[in-house]
Amino acid sequence: MTETSPVSGPPFECRPACGACCVAPSIAPTLPALPEGKPAGVPCPHLTRDLRCSLWGRPERPSFCGSLKPDPEMCGNGRDHALAYLADLEEKTRP
């Protein structure tokens with residue numbers, strides 16, 4: 001699973017067994033399994049046991065999810081960093 005980083009340079013790959021972007025942020029009501037949306041901090045029901053997105057590359061994947069690109073600043077050196085970074089971003093952008 002490779003996404004292009006918004007920063008110039010080689011693509012930054014999604015880290016195996018992370019799934020932080022499928023847990024930390026809230027997601028507006030567009031998910032097939034969550035028509036009311038996904039609250040922040042709750043694992044997405046489309047997150048697989050190996051912490052991958054089961055909607056990856058499918059048209060029903062929410063546009064928000066596609067807009068999150070793996071990037072060294074967000075992903076840091078591991079899952080804990082990514083969870084904390086995204087939780088902080090969620091808090092700062094809460095309406």
# chains A, B, ... in the order shown; residues from 1 in each chain; ligands from 1
>>> residues_around(residues="A:Pro32", least_positions_apart="4", cutoff="9 Å", atoms="only C-alpha atoms", output="PyMOL selection string")
chain A and resi 46+60-61
>>> write_last_selection(atoms="C-alpha atoms", output="CSV table (one decimal), in the first residue's frame")
chain,number,residue,atom,x,y,z
A,46,HIS,CA,-13.6,-1.5,7.9
A,60,GLU,CA,-17.1,3.6,-1.3
A,61,ARG,CA,-14.0,4.6,0.6
>>> residues_around(residues="stretch 70-86 of chain A", least_positions_apart="5", cutoff="6 Å", atoms="only C-alpha atoms", output="PyMOL selection string")
chain A and resi 5+12+14+18+20+24
>>> atom_distance(atom1="atom CA of A:Arg94", atom2="atom CA of A:Pro45")
22.1 Å
>>> residues_around(residues="A:Gly37", least_positions_apart="6", cutoff="10 Å", atoms="only C-alpha atoms", output="compact mmCIF listing (two decimals) with N, CA and C atoms, in the first residue's frame")
# COMPACT_ATOMS: atom_id res chain seq x y z
N SER A 26 -12.21 11.46 13.50
CA SER A 26 -13.64 11.24 13.25
C SER A 26 -13.84 11.27 11.74
N ILE A 27 -14.87 10.60 11.27
CA ILE A 27 -15.17 10.57 9.85
C ILE A 27 -16.64 10.89 9.67
N ALA A 28 -16.92 11.83 8.78
CA ALA A 28 -18.30 12.25 8.51
C ALA A 28 -19.14 11.07 8.04
N PRO A 29 -20.46 11.18 8.14
CA PRO A 29 -21.36 10.08 7.77
C PRO A 29 -21.30 9.69 6.31
N THR A 30 -20.32 8.85 5.97
CA THR A 30 -20.21 8.34 4.60
C THR A 30 -19.81 6.88 4.57
N LEU A 31 -19.49 6.31 5.71
CA LEU A 31 -19.03 4.93 5.75
C LEU A 31 -20.19 3.96 5.59
N CYS A 44 -12.44 2.09 12.97
CA CYS A 44 -13.39 1.98 11.87
C CYS A 44 -13.78 0.50 11.70
>>> atom_distance(atom1="atom CA of A:Val42", atom2="atom CA of A:Val23")
5.3 Å
>>> select_by_dssp(residues="chain A", states="alpha helix (DSSP H)", output="list in words")
Ser63, Phe64, Cys65, Gly66, Ser67, Pro72, Glu73, Met74, Cys75, Arg79, Asp80, His81, Ala82, Leu83, Ala84, Tyr85, Leu86, Ala87, Asp88, Leu89, Glu90, Glu91 and Lys92 of chain A
>>> atom_distance(atom1="atom CA of A:Ala33", atom2="atom CA of A:Arg15")
24.2 Å
>>> select_by_dssp(residues="chain A", states="strand (DSSP E or B)", output="ChimeraX atom specification")
/A:2,13,27,31,34,38,47,53
>>> decode(residues="stretch 32-66 of chain A", atoms="C-alpha atoms", output="PDB file, in the first residue's frame")
ATOM      1  CA  PRO A  32     -21.100   1.937   4.611  1.00  0.00           C
ATOM      2  CA  ALA A  33     -20.950   0.363   8.079  1.00  0.00           C
ATOM      3  CA  LEU A  34     -21.405   3.671   9.951  1.00  0.00           C
ATOM      4  CA  PRO A  35     -24.058   5.795   8.244  1.00  0.00           C
ATOM      5  CA  GLU A  36     -23.997   8.168  11.243  1.00  0.00           C
ATOM      6  CA  GLY A  37     -20.227   8.643  10.962  1.00  0.00           C
ATOM      7  CA  LYS A  38     -17.243   7.427  12.978  1.00  0.00           C
ATOM      8  CA  PRO A  39     -16.328   9.134  16.249  1.00  0.00           C
ATOM      9  CA  ALA A  40     -12.704  10.026  16.962  1.00  0.00           C
ATOM     10  CA  GLY A  41     -10.770   7.316  18.791  1.00  0.00           C
ATOM     11  CA  VAL A  42     -13.079   4.506  17.665  1.00  0.00           C
ATOM     12  CA  PRO A  43     -11.676   1.918  15.237  1.00  0.00           C
ATOM     13  CA  CYS A  44     -13.393   1.976  11.869  1.00  0.00           C
ATOM     14  CA  PRO A  45     -15.438  -1.175  11.249  1.00  0.00           C
ATOM     15  CA  HIS A  46     -13.635  -1.462   7.900  1.00  0.00           C
ATOM     16  CA  LEU A  47     -10.278  -1.846   9.668  1.00  0.00           C
ATOM     17  CA  THR A  48      -9.091  -5.429   9.271  1.00  0.00           C
ATOM     18  CA  ARG A  49      -7.458  -7.573  11.949  1.00  0.00           C
ATOM     19  CA  ASP A  50      -4.059  -6.832  10.443  1.00  0.00           C
ATOM     20  CA  LEU A  51      -4.858  -3.084  10.693  1.00  0.00           C
ATOM     21  CA  ARG A  52      -5.485  -2.454   6.996  1.00  0.00           C
ATOM     22  CA  CYS A  53      -8.431  -0.734   5.333  1.00  0.00           C
ATOM     23  CA  SER A  54     -10.861  -3.160   3.697  1.00  0.00           C
ATOM     24  CA  LEU A  55     -12.176  -0.282   1.544  1.00  0.00           C
ATOM     25  CA  TRP A  56      -8.723   0.645   0.182  1.00  0.00           C
ATOM     26  CA  GLY A  57      -9.011   1.401  -3.532  1.00  0.00           C
ATOM     27  CA  ARG A  58     -12.799   0.948  -3.588  1.00  0.00           C
ATOM     28  CA  PRO A  59     -15.247   3.684  -4.641  1.00  0.00           C
ATOM     29  CA  GLU A  60     -17.117   3.570  -1.321  1.00  0.00           C
ATOM     30  CA  ARG A  61     -13.985   4.569   0.604  1.00  0.00           C
ATOM     31  CA  PRO A  62     -14.753   8.015   2.082  1.00  0.00           C
ATOM     32  CA  SER A  63     -13.006  10.927   0.391  1.00  0.00           C
ATOM     33  CA  PHE A  64     -11.682  12.004   3.804  1.00  0.00           C
ATOM     34  CA  CYS A  65      -9.810   8.718   4.078  1.00  0.00           C
ATOM     35  CA  GLY A  66      -8.315   9.154   0.626  1.00  0.00           C
TER      36      GLY A  66
END
